[in-house]
Structure formats: structure tokens, C-alpha cells
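Colleague: upload.csv is the file, holding CSV, C-alpha atoms:
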chain,number,residue,atom,x,y,z
L,2,MET,CA,-13.1,4.4,-2.8
L,3,LEU,CA,-12.4,0.9,-1.4
L,4,ASP,CA,-15.0,-1.1,0.6
L,5,VAL,CA,-14.0,-4.6,1.8
L,6,GLN,CA,-16.6,-6.6,3.7
L,7,GLY,CA,-16.4,-10.0,5.3
L,8,LEU,CA,-13.3,-11.0,3.3
L,9,GLU,CA,-12.2,-14.6,3.8
L,10,ALA,CA,-9.1,-16.1,2.1
L,11,GLY,CA,-6.3,-18.6,2.5
L,12,TYR,CA,-3.8,-20.9,0.8
L,13,GLY,CA,-4.8,-24.5,0.1
L,14,GLU,CA,-6.6,-26.0,3.1
L,15,SER,CA,-5.3,-23.2,5.4
L,16,GLN,CA,-7.7,-20.3,6.0
L,17,ILE,CA,-5.8,-17.0,6.8
L,18,LEU,CA,-8.6,-14.3,6.8
L,19,PHE,CA,-11.8,-14.6,8.7
L,20,GLY,CA,-14.2,-11.8,7.8
L,21,ILE,CA,-12.0,-8.7,7.3
L,22,ASP,CA,-13.8,-5.4,7.0
L,23,LEU,CA,-11.8,-2.4,5.6
L,24,HIS,CA,-12.8,0.9,4.1
L,25,VAL,CA,-10.9,3.8,2.5
L,26,ASN,CA,-12.7,7.0,1.6
L,27,GLU,CA,-11.6,9.5,-1.0
L,28,GLY,CA,-8.5,11.5,0.2
L,29,GLU,CA,-8.1,9.3,3.3
L,30,VAL,CA,-5.0,7.6,4.6
L,31,VAL,CA,-5.7,4.3,6.3
L,32,THR,CA,-3.2,1.9,7.9
L,33,LEU,CA,-3.5,-1.9,8.2
L,34,LEU,CA,-1.6,-2.9,11.3
L,35,GLY,CA,-0.6,-6.1,13.0
L,36,ARG,CA,2.3,-8.4,13.9
L,37,ASN,CA,4.1,-10.5,11.3
L,38,GLY,CA,2.0,-13.4,10.0
L,39,MET,CA,-1.4,-12.0,11.0
L,40,GLY,CA,-2.8,-11.7,7.5
L,41,LYS,CA,-1.9,-8.2,6.3
L,42,THR,CA,-0.3,-9.1,3.1
L,43,THR,CA,-2.9,-11.8,2.4
L,44,THR,CA,-5.5,-9.1,2.8
L,45,ILE,CA,-3.8,-6.9,0.2
L,46,LYS,CA,-3.3,-9.8,-2.2
L,47,SER,CA,-6.9,-10.7,-1.9
L,48,ILE,CA,-8.0,-7.2,-2.8
L,49,PHE,CA,-5.8,-7.3,-5.9
L,50,GLY,CA,-7.0,-10.7,-7.0
L,51,LEU,CA,-3.6,-12.3,-6.4
L,52,VAL,CA,-5.3,-14.6,-3.9
L,53,LYS,CA,-8.8,-15.5,-4.7
L,54,PRO,CA,-11.3,-14.7,-1.9
L,55,ARG,CA,-13.3,-17.6,-0.5
L,56,ALA,CA,-16.1,-15.3,0.8
L,57,GLY,CA,-16.8,-11.6,1.2
L,58,CYS,CA,-16.9,-8.6,-1.1
L,59,VAL,CA,-14.3,-6.2,-2.5
L,60,ARG,CA,-15.8,-3.0,-4.1
L,61,ILE,CA,-13.7,-0.4,-5.8
L,62,GLY,CA,-15.5,2.9,-6.5
L,63,GLY,CA,-18.8,1.1,-5.9
L,64,ARG,CA,-18.0,-1.7,-8.4
L,65,ASP,CA,-18.0,-5.3,-7.1
L,66,LEU,CA,-14.5,-6.6,-8.2
L,67,THR,CA,-14.2,-9.5,-5.8
L,68,GLY,CA,-11.6,-11.9,-7.2
L,69,ALA,CA,-11.1,-10.0,-10.4
L,70,GLU,CA,-7.8,-10.3,-12.3
L,71,PRO,CA,-5.1,-8.0,-11.1
L,72,HIS,CA,-5.0,-5.9,-14.3
L,73,ARG,CA,-8.7,-5.2,-13.9
L,74,ILE,CA,-8.1,-4.0,-10.3
L,75,ALA,CA,-5.4,-1.7,-11.6
L,76,VAL,CA,-7.7,-0.3,-14.4
L,77,ALA,CA,-10.4,0.2,-11.7
L,78,GLY,CA,-8.0,2.6,-9.9
L,79,LEU,CA,-5.8,0.8,-7.5
L,80,GLY,CA,-2.0,1.3,-7.6
L,81,TYR,CA,0.1,-1.4,-5.8
L,82,VAL,CA,3.5,-1.0,-4.2
L,83,PRO,CA,4.2,-4.6,-3.2
L,84,GLU,CA,6.4,-5.9,-0.4
L,85,GLY,CA,9.9,-6.4,-1.8
L,86,ARG,CA,9.3,-3.7,-4.4
L,87,GLN,CA,9.4,-6.1,-7.4
L,88,ILE,CA,10.5,-3.5,-10.0
L,89,PHE,CA,11.7,-4.7,-13.4
L,90,PRO,CA,15.4,-5.3,-12.9
L,91,THR,CA,16.4,-5.2,-16.6
L,92,LEU,CA,14.5,-2.0,-17.4
L,93,ASN,CA,16.0,1.4,-16.5
L,94,VAL,CA,14.2,3.8,-14.2
L,95,GLU,CA,12.4,5.6,-17.0
L,96,GLU,CA,11.3,2.4,-18.7
L,97,ASN,CA,10.0,1.1,-15.4
L,98,LEU,CA,7.8,4.2,-15.1
L,99,ARG,CA,6.6,4.1,-18.7
L,100,ALA,CA,5.7,0.4,-18.4
L,101,THR,CA,2.6,1.1,-16.3
L,102,ALA,CA,1.8,4.7,-17.4
L,103,ARG,CA,-1.8,5.8,-18.1
L,104,PRO,CA,-2.9,9.3,-18.9
L,105,GLY,CA,-3.6,11.6,-16.0
L,106,LYS,CA,-2.0,14.1,-13.6
L,107,TRP,CA,0.9,11.8,-12.7
L,108,THR,CA,3.6,12.1,-15.3
L,109,ILE,CA,7.3,11.1,-15.3
L,110,ARG,CA,8.1,14.8,-14.7
L,111,ARG,CA,5.9,14.8,-11.6
L,112,VAL,CA,7.4,11.6,-10.3
L,113,TYR,CA,10.9,13.1,-10.7
L,114,ASP,CA,9.7,16.2,-8.8
L,115,LEU,CA,8.6,13.9,-6.0
L,116,PHE,CA,11.8,11.8,-6.1
L,117,PRO,CA,14.7,13.9,-7.6
L,118,ARG,CA,17.0,10.9,-6.9
L,119,LEU,CA,15.1,8.9,-9.6
L,120,GLU,CA,15.9,11.6,-12.2
L,121,GLU,CA,19.5,11.4,-11.4
L,122,ARG,CA,19.3,7.6,-11.9
L,123,ARG,CA,16.9,7.6,-14.8
L,124,ARG,CA,19.3,5.6,-17.1
L,125,ASN,CA,20.2,3.1,-14.5
L,126,MET,CA,18.8,-0.4,-14.6
L,127,GLY,CA,16.5,-1.5,-11.8
L,128,ASN,CA,19.0,-3.9,-10.5
L,129,GLN,CA,21.6,-1.1,-10.2
L,130,LEU,CA,19.5,0.8,-7.7
L,131,SER,CA,19.8,0.8,-3.9
L,132,GLY,CA,16.9,-0.6,-1.9
L,133,GLY,CA,15.7,2.9,-1.1
L,134,GLU,CA,15.8,4.0,-4.8
L,135,GLN,CA,13.9,0.8,-5.8
L,136,GLN,CA,11.2,1.7,-3.3
L,137,MET,CA,11.0,5.2,-4.7
L,138,LEU,CA,10.7,3.7,-8.2
L,139,ALA,CA,8.0,1.2,-7.0
L,140,ILE,CA,6.0,4.1,-5.6
L,141,GLY,CA,6.5,6.2,-8.8
L,142,ARG,CA,5.5,3.2,-10.9
L,143,ALA,CA,2.2,2.9,-8.9
L,144,LEU,CA,1.5,6.6,-9.3
L,145,MET,CA,2.1,6.4,-13.1
L,146,ILE,CA,-1.1,4.4,-13.5
L,147,ASN,CA,-2.9,7.5,-12.1
L,148,PRO,CA,-4.7,5.5,-9.4
L,149,GLN,CA,-7.6,6.6,-7.2
L,150,LEU,CA,-6.0,4.7,-4.3
L,151,VAL,CA,-2.3,3.8,-3.7
L,152,VAL,CA,-1.7,0.7,-1.6
L,153,LEU,CA,1.8,0.2,0.0
L,154,ASP,CA,2.7,-3.2,1.5
L,155,GLU,CA,5.6,-2.7,4.0
L,156,ALA,CA,6.3,0.8,2.9
L,157,THR,CA,9.7,1.2,4.6
L,158,GLU,CA,10.8,-2.3,5.5
L,159,GLY,CA,14.6,-2.8,5.3
L,160,LEU,CA,15.4,0.8,4.5
L,161,ALA,CA,18.0,3.1,6.1
L,162,PRO,CA,16.6,5.7,8.5
L,163,LEU,CA,17.2,8.6,6.1
L,164,ILE,CA,15.5,6.8,3.3
L,165,ARG,CA,12.6,6.0,5.5
L,166,ALA,CA,12.2,9.7,6.3
L,167,ASP,CA,12.1,10.4,2.6
L,168,ILE,CA,9.4,7.9,2.1
L,169,TRP,CA,7.3,9.3,4.9
L,170,ALA,CA,7.8,12.8,3.5
L,171,CYS,CA,6.6,11.5,0.2
L,172,LEU,CA,3.4,10.0,1.7
L,173,GLU,CA,2.8,13.3,3.6
L,174,ARG,CA,3.0,15.2,0.3
L,175,LEU,CA,0.7,12.7,-1.4
L,176,LYS,CA,-1.9,13.2,1.4
L,177,GLU,CA,-1.6,16.9,1.1
L,178,GLU,CA,-2.4,16.5,-2.6
L,179,GLY,CA,-5.6,14.5,-1.8
L,180,GLU,CA,-4.4,11.1,-2.7
L,181,ALA,CA,-6.1,8.2,-0.9
L,182,ILE,CA,-3.6,5.7,0.6
L,183,LEU,CA,-3.7,2.3,2.3
L,184,VAL,CA,-0.4,1.5,3.9
L,185,ILE,CA,1.1,-1.4,5.8
L,186,ASP,CA,4.2,-0.6,8.0
L,187,LYS,CA,5.6,-1.4,11.4
L,188,ASN,CA,6.4,2.2,12.3
L,189,VAL,CA,3.3,3.2,14.2
L,190,ASP,CA,4.7,6.5,15.3
L,191,ALA,CA,5.3,7.6,11.7
L,192,LEU,CA,1.9,6.3,10.6
L,193,THR,CA,0.0,8.3,13.2
L,194,ARG,CA,1.5,11.5,11.8
L,195,ILE,CA,-0.1,10.9,8.4
L,196,ALA,CA,-3.0,8.5,8.8
L,197,ASP,CA,-6.7,9.3,9.5
L,198,HIS,CA,-7.8,5.8,10.4
L,199,HIS,CA,-6.2,2.5,11.6
L,200,VAL,CA,-7.3,-1.1,11.3
L,201,VAL,CA,-5.5,-3.7,13.4
L,202,ILE,CA,-5.7,-7.4,12.6
L,203,GLU,CA,-4.8,-10.4,14.6
L,204,LYS,CA,-4.9,-14.0,13.3
L,205,GLY,CA,-6.9,-12.9,10.3
L,206,ARG,CA,-9.5,-10.9,12.2
L,207,VAL,CA,-10.0,-7.2,12.8
L,208,VAL,CA,-9.5,-6.8,16.5
L,209,TRP,CA,-9.5,-2.9,16.6
L,210,SER,CA,-10.2,0.0,14.4
L,211,GLY,CA,-10.3,3.7,15.1
L,212,THR,CA,-8.9,7.2,14.4
L,213,THR,CA,-5.4,8.4,15.0
L,214,ASP,CA,-6.6,10.3,18.2
L,215,GLU,CA,-8.2,7.0,19.4
L,216,ILE,CA,-5.1,4.9,18.8
L,217,LEU,CA,-2.9,7.5,20.5
L,218,ALA,CA,-5.2,7.4,23.5
L,219,SER,CA,-5.1,3.6,23.6
L,220,PRO,CA,-1.5,2.5,24.3
L,221,GLU,CA,-2.8,-0.9,25.2
L,222,VAL,CA,-3.6,-1.5,21.5
L,223,LYS,CA,0.0,-1.1,20.6
L,224,ASP,CA,1.2,-3.2,23.5
L,225,ARG,CA,-1.2,-6.0,22.9
L,226,PHE,CA,-1.3,-6.3,19.1
L,227,LEU,CA,1.6,-4.5,17.5
L,228,HIS,CA,4.7,-5.8,19.1
L,229,VAL,CA,6.7,-7.6,16.4
As C-alpha cells, how would this structure be written, given the file I've shared?

Modeller:
Amino acid sequence: MLDVQGLEAGYGESQILFGIDLHVNEGEVVTLLGRNGMGKTTTIKSIFGLVKPRAGCVRIGGRDLTGAEPHRIAVAGLGYVPEGRQIFPTLNVEENLRATARPGKWTIRRVYDLFPRLEERRRNMGNQLSGGEQQMLAIGRALMINPQLVVLDEATEGLAPLIRADIWACLERLKEEGEAILVIDKNVDALTRIADHHVVIEKGRVVWSGTTDEILASPEVKDRFLHV
């Protein structure tokens, strides 16, 4: 589904990523973990062509799309829920969902079934929604392109505990339905309940990767690399 090998990237003269390897298989949930400023978001932006890689390869469904324009990455099957949500503030909920819609199993009706709160707010503008509602809308918008892989950057950052629980329940349901997911978040305990594989990066390098059973059996990984 997604195969990243030897990815290097940066900003100006500053190099941030030094040979990142990352793989997501069909129907798999993979986490990208690390402390703040270690290169997680840069990795995601490099996959989506928002930052042009300096070296390495990004393959989506077997196709080499290294450095391709973001719209080509979306058409290839990746849905993006960016950090900060970035919904369209002057469109209402339904218009936000229709803006990215492509034919497939995910329809507005299915998004409303996943997030009933959005149906209640369907005529509200994006800037009239709470942070939690905006995150639900960002996830729904990503699903509306009917992706093969959903990528969430900081899935629950800044959300109230009850809303975070709703988001985790949503991701659990998506996993049950066979969706492939790549997710960044700081809540390791919640991630280990839904994820199959974990990749930890430190200063732009992969320093550990393994299954959920392996990370639960290795508390030193959390102590050494995941304290914020």
C-alpha cells in the first residue's frame, strides 16, 4: 500500500530526515511515533509532496510517486488528515465533504453514520465548529476521496478527553472495516489498542520498529524515545 525507503528531506540548508523507511500493508494500522520536532510531520509532508524529498523513494500501490504533486498523491489513493485540521472555514459541513468527494464506498451518508454529530451540524460553516467537530470533518473529508490509505497527523492533539475517545472509536471502526491507516499521535496507550506496527523516529532517523506486542514488552522504548 505504502512503501517508503531511504527518505531524506529538509528545509533550505537544514536536513530533517536521514533515510526513513516506512511500510503500510493493506488493512494494516501503523503508527509513526517520536517526540516533538523529531521529523514525523516532515515525513508525512514528504510522502504527500508538500516537501520535496532529497533522496529515497515513495511508492504507493507499487507506483513510484516520489515528490509527486499532492493532488496526484490523493488520486493514487492517500487521504490526508493534516495537523491543525485545515478544513474550509467558509464552507459548511456538507460542502466540505463534497469538495473532495470521489466515487466509492464512502459517501456523505456513511460519514454521517460514522460521525452523527456532523449530520447535526451539516449546515454550519467550518469556522462555526468546535475543534472536535472540525477533526471529525477532516477525517470525513479524507474518507470522501475513497482512499486506500488514511494518514492522520496528530489525530487527537488539543481535543477534550471525550472527543479523543470518539476519534479512537472511529479509528477502531475503520480498522474493523479493513481500512489501512497511518497515524501520528502522542497517546501510545490508545495507539497500542488499534495498531499492528509501530515506527519510532528520533532526529530524523528510525530508531525502533516492531509490533504492538513488541512495544508493550519494551517499556524502555517509551521511556527513551517517546517522552514529550

Colleague: Using only C-alpha atoms, which of L:Glu70, L:Glu180, L:Glu155, L:Glu221 sits nearest Glu29 of chain L?

Modeller: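 Smallest distance to Glu29 of chain L is found for L:Glu180.
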
Colleague: Hey, what's within 9 Å of Phe226 of chain L if we count only C-alpha atoms and toss same-chain stuff fewer than 3 positions away? As a short mmCIF file (atom, residue, chain, number, x, y, z; two decimals) with C-alpha atoms, in the frame of the given file, please?

Modeller:
data_model
loop_
_atom_site.label_atom_id
_atom_site.label_comp_id
_atom_site.auth_asym_id
_atom_site.auth_seq_id
_atom_site.Cartn_x
_atom_site.Cartn_y
_atom_site.Cartn_z
CA LEU L 34 -1.60 -2.90 11.30
CA GLY L 35 -0.60 -6.10 13.00
CA ARG L 36 2.30 -8.40 13.90
CA VAL L 201 -5.50 -3.70 13.40
CA ILE L 202 -5.70 -7.40 12.60
CA GLU L 203 -4.80 -10.40 14.60
CA VAL L 208 -9.50 -6.80 16.50
CA GLU L 221 -2.80 -0.90 25.20
CA VAL L 222 -3.60 -1.50 21.50
CA LYS L 223 0.00 -1.10 20.60
CA VAL L 229 6.70 -7.60 16.40
#

Colleague: Looking at only C-alpha atoms, which of L:Gly40, L:Gly63, L:Pro54, L:Gly78 is the one that sits closest to Met145 of chain L?

Modeller: L:Gly78

Colleague: If you take only C-alpha atoms and a cut-off of 8 Å, which residues of segment 91-146 of chain L touch segment 156-167 of chain L, and what are their nearest atom pairs and distances in Å to one decimal, in chain and number order, as CSV?

Modeller:
residue,atom,partner,partner_atom,distance
L:Gly132,CA,L:Leu160,CA,6.7
L:Gly133,CA,L:Ile164,CA,5.9
L:Gln136,CA,L:Ala156,CA,8.0

Colleague: So what do you get for atom CA of Pro220 of chain L versus atom CA of Met39 of chain L, distance-wise?

Modeller: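 Interatomic distance here is 19.7 Å.
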
Colleague: State, in Å with one decimal place, the distance from atom CA of Val76 of chain L to atom CA of Leu92 of chain L.

Modeller: 22.5 Å

Colleague: Any idea what's packed within 9 Å of Asp214 of chain L, counting only C-alpha atoms, ignoring anything in its chain fewer than 5 positions away? Could you give it as a CSV table (one decimal) with C-alpha atoms, in the coordinates of the input?

Modeller:
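And here's around25.csv as it stands now:
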chain,number,residue,atom,x,y,z
L,193,THR,CA,0.0,8.3,13.2
L,197,ASP,CA,-6.7,9.3,9.5
L,219,SER,CA,-5.1,3.6,23.6

Colleague: In terms of the shortest atom-to-atom distance over all atoms listed in the file, which of L:Arg86, L:Arg64, L:Arg73, L:Arg55 is closest to Leu153 of chain L?

Modeller: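 Among the listed residues, the smallest separation from Leu153 of chain L belongs to L:Arg86.
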
Colleague: Write out N, CA and C atoms for segment 10-32 of chain L, as a compact mmCIF listing (two decimals), keeping the file's coordinate frame.

Modeller:
# COMPACT_ATOMS: atom_id res chain seq x y z
N ALA L 10 -10.09 -15.62 3.06
CA ALA L 10 -9.10 -16.10 2.10
C ALA L 10 -8.12 -17.01 2.74
N GLY L 11 -7.37 -17.76 1.93
CA GLY L 11 -6.30 -18.60 2.50
C GLY L 11 -5.54 -19.27 1.36
N TYR L 12 -4.72 -20.23 1.75
CA TYR L 12 -3.80 -20.90 0.80
C TYR L 12 -4.07 -22.44 1.01
N GLY L 13 -4.49 -23.11 -0.05
CA GLY L 13 -4.80 -24.50 0.10
C GLY L 13 -5.86 -24.78 1.12
N GLU L 14 -5.57 -25.66 2.07
CA GLU L 14 -6.60 -26.00 3.10
C GLU L 14 -6.45 -25.01 4.30
N SER L 15 -5.48 -24.10 4.28
CA SER L 15 -5.30 -23.20 5.40
C SER L 15 -6.04 -21.88 5.18
N GLN L 16 -6.94 -21.57 6.09
CA GLN L 16 -7.70 -20.30 6.00
C GLN L 16 -6.87 -19.26 6.81
N ILE L 17 -6.64 -18.09 6.19
CA ILE L 17 -5.80 -17.00 6.80
C ILE L 17 -6.72 -15.86 7.26
N LEU L 18 -7.71 -15.50 6.46
CA LEU L 18 -8.60 -14.30 6.80
C LEU L 18 -9.96 -14.83 7.15
N PHE L 19 -10.50 -14.19 8.19
CA PHE L 19 -11.80 -14.60 8.70
C PHE L 19 -12.70 -13.36 8.85
N GLY L 20 -13.22 -12.88 7.73
CA GLY L 20 -14.20 -11.80 7.80
C GLY L 20 -13.62 -10.42 7.96
N ILE L 21 -12.63 -10.06 7.14
CA ILE L 21 -12.00 -8.70 7.30
C ILE L 21 -12.90 -7.66 6.68
N ASP L 22 -13.10 -6.60 7.45
CA ASP L 22 -13.80 -5.40 7.00
C ASP L 22 -12.79 -4.25 6.94
N LEU L 23 -12.79 -3.51 5.82
CA LEU L 23 -11.80 -2.40 5.60
C LEU L 23 -12.38 -1.43 4.65
N HIS L 24 -12.24 -0.15 4.98
CA HIS L 24 -12.80 0.90 4.10
C HIS L 24 -11.85 2.05 4.01
N VAL L 25 -11.71 2.57 2.79
CA VAL L 25 -10.90 3.80 2.50
C VAL L 25 -11.74 4.73 1.73
N ASN L 26 -11.90 5.93 2.27
CA ASN L 26 -12.70 7.00 1.60
C ASN L 26 -11.75 7.84 0.73
N GLU L 27 -12.33 8.61 -0.15
CA GLU L 27 -11.60 9.50 -1.00
C GLU L 27 -10.70 10.45 -0.17
N GLY L 28 -9.43 10.56 -0.52
CA GLY L 28 -8.50 11.50 0.20
C GLY L 28 -8.10 11.03 1.55
N GLU L 29 -8.42 9.79 1.95
CA GLU L 29 -8.10 9.30 3.30
C GLU L 29 -6.89 8.43 3.31
N VAL L 30 -6.14 8.51 4.41
CA VAL L 30 -5.00 7.60 4.60
C VAL L 30 -5.38 6.62 5.71
N VAL L 31 -5.35 5.34 5.37
CA VAL L 31 -5.70 4.30 6.30
C VAL L 31 -4.56 3.31 6.44
N THR L 32 -4.30 2.86 7.65
CA THR L 32 -3.20 1.90 7.90
C THR L 32 -3.85 0.52 8.19
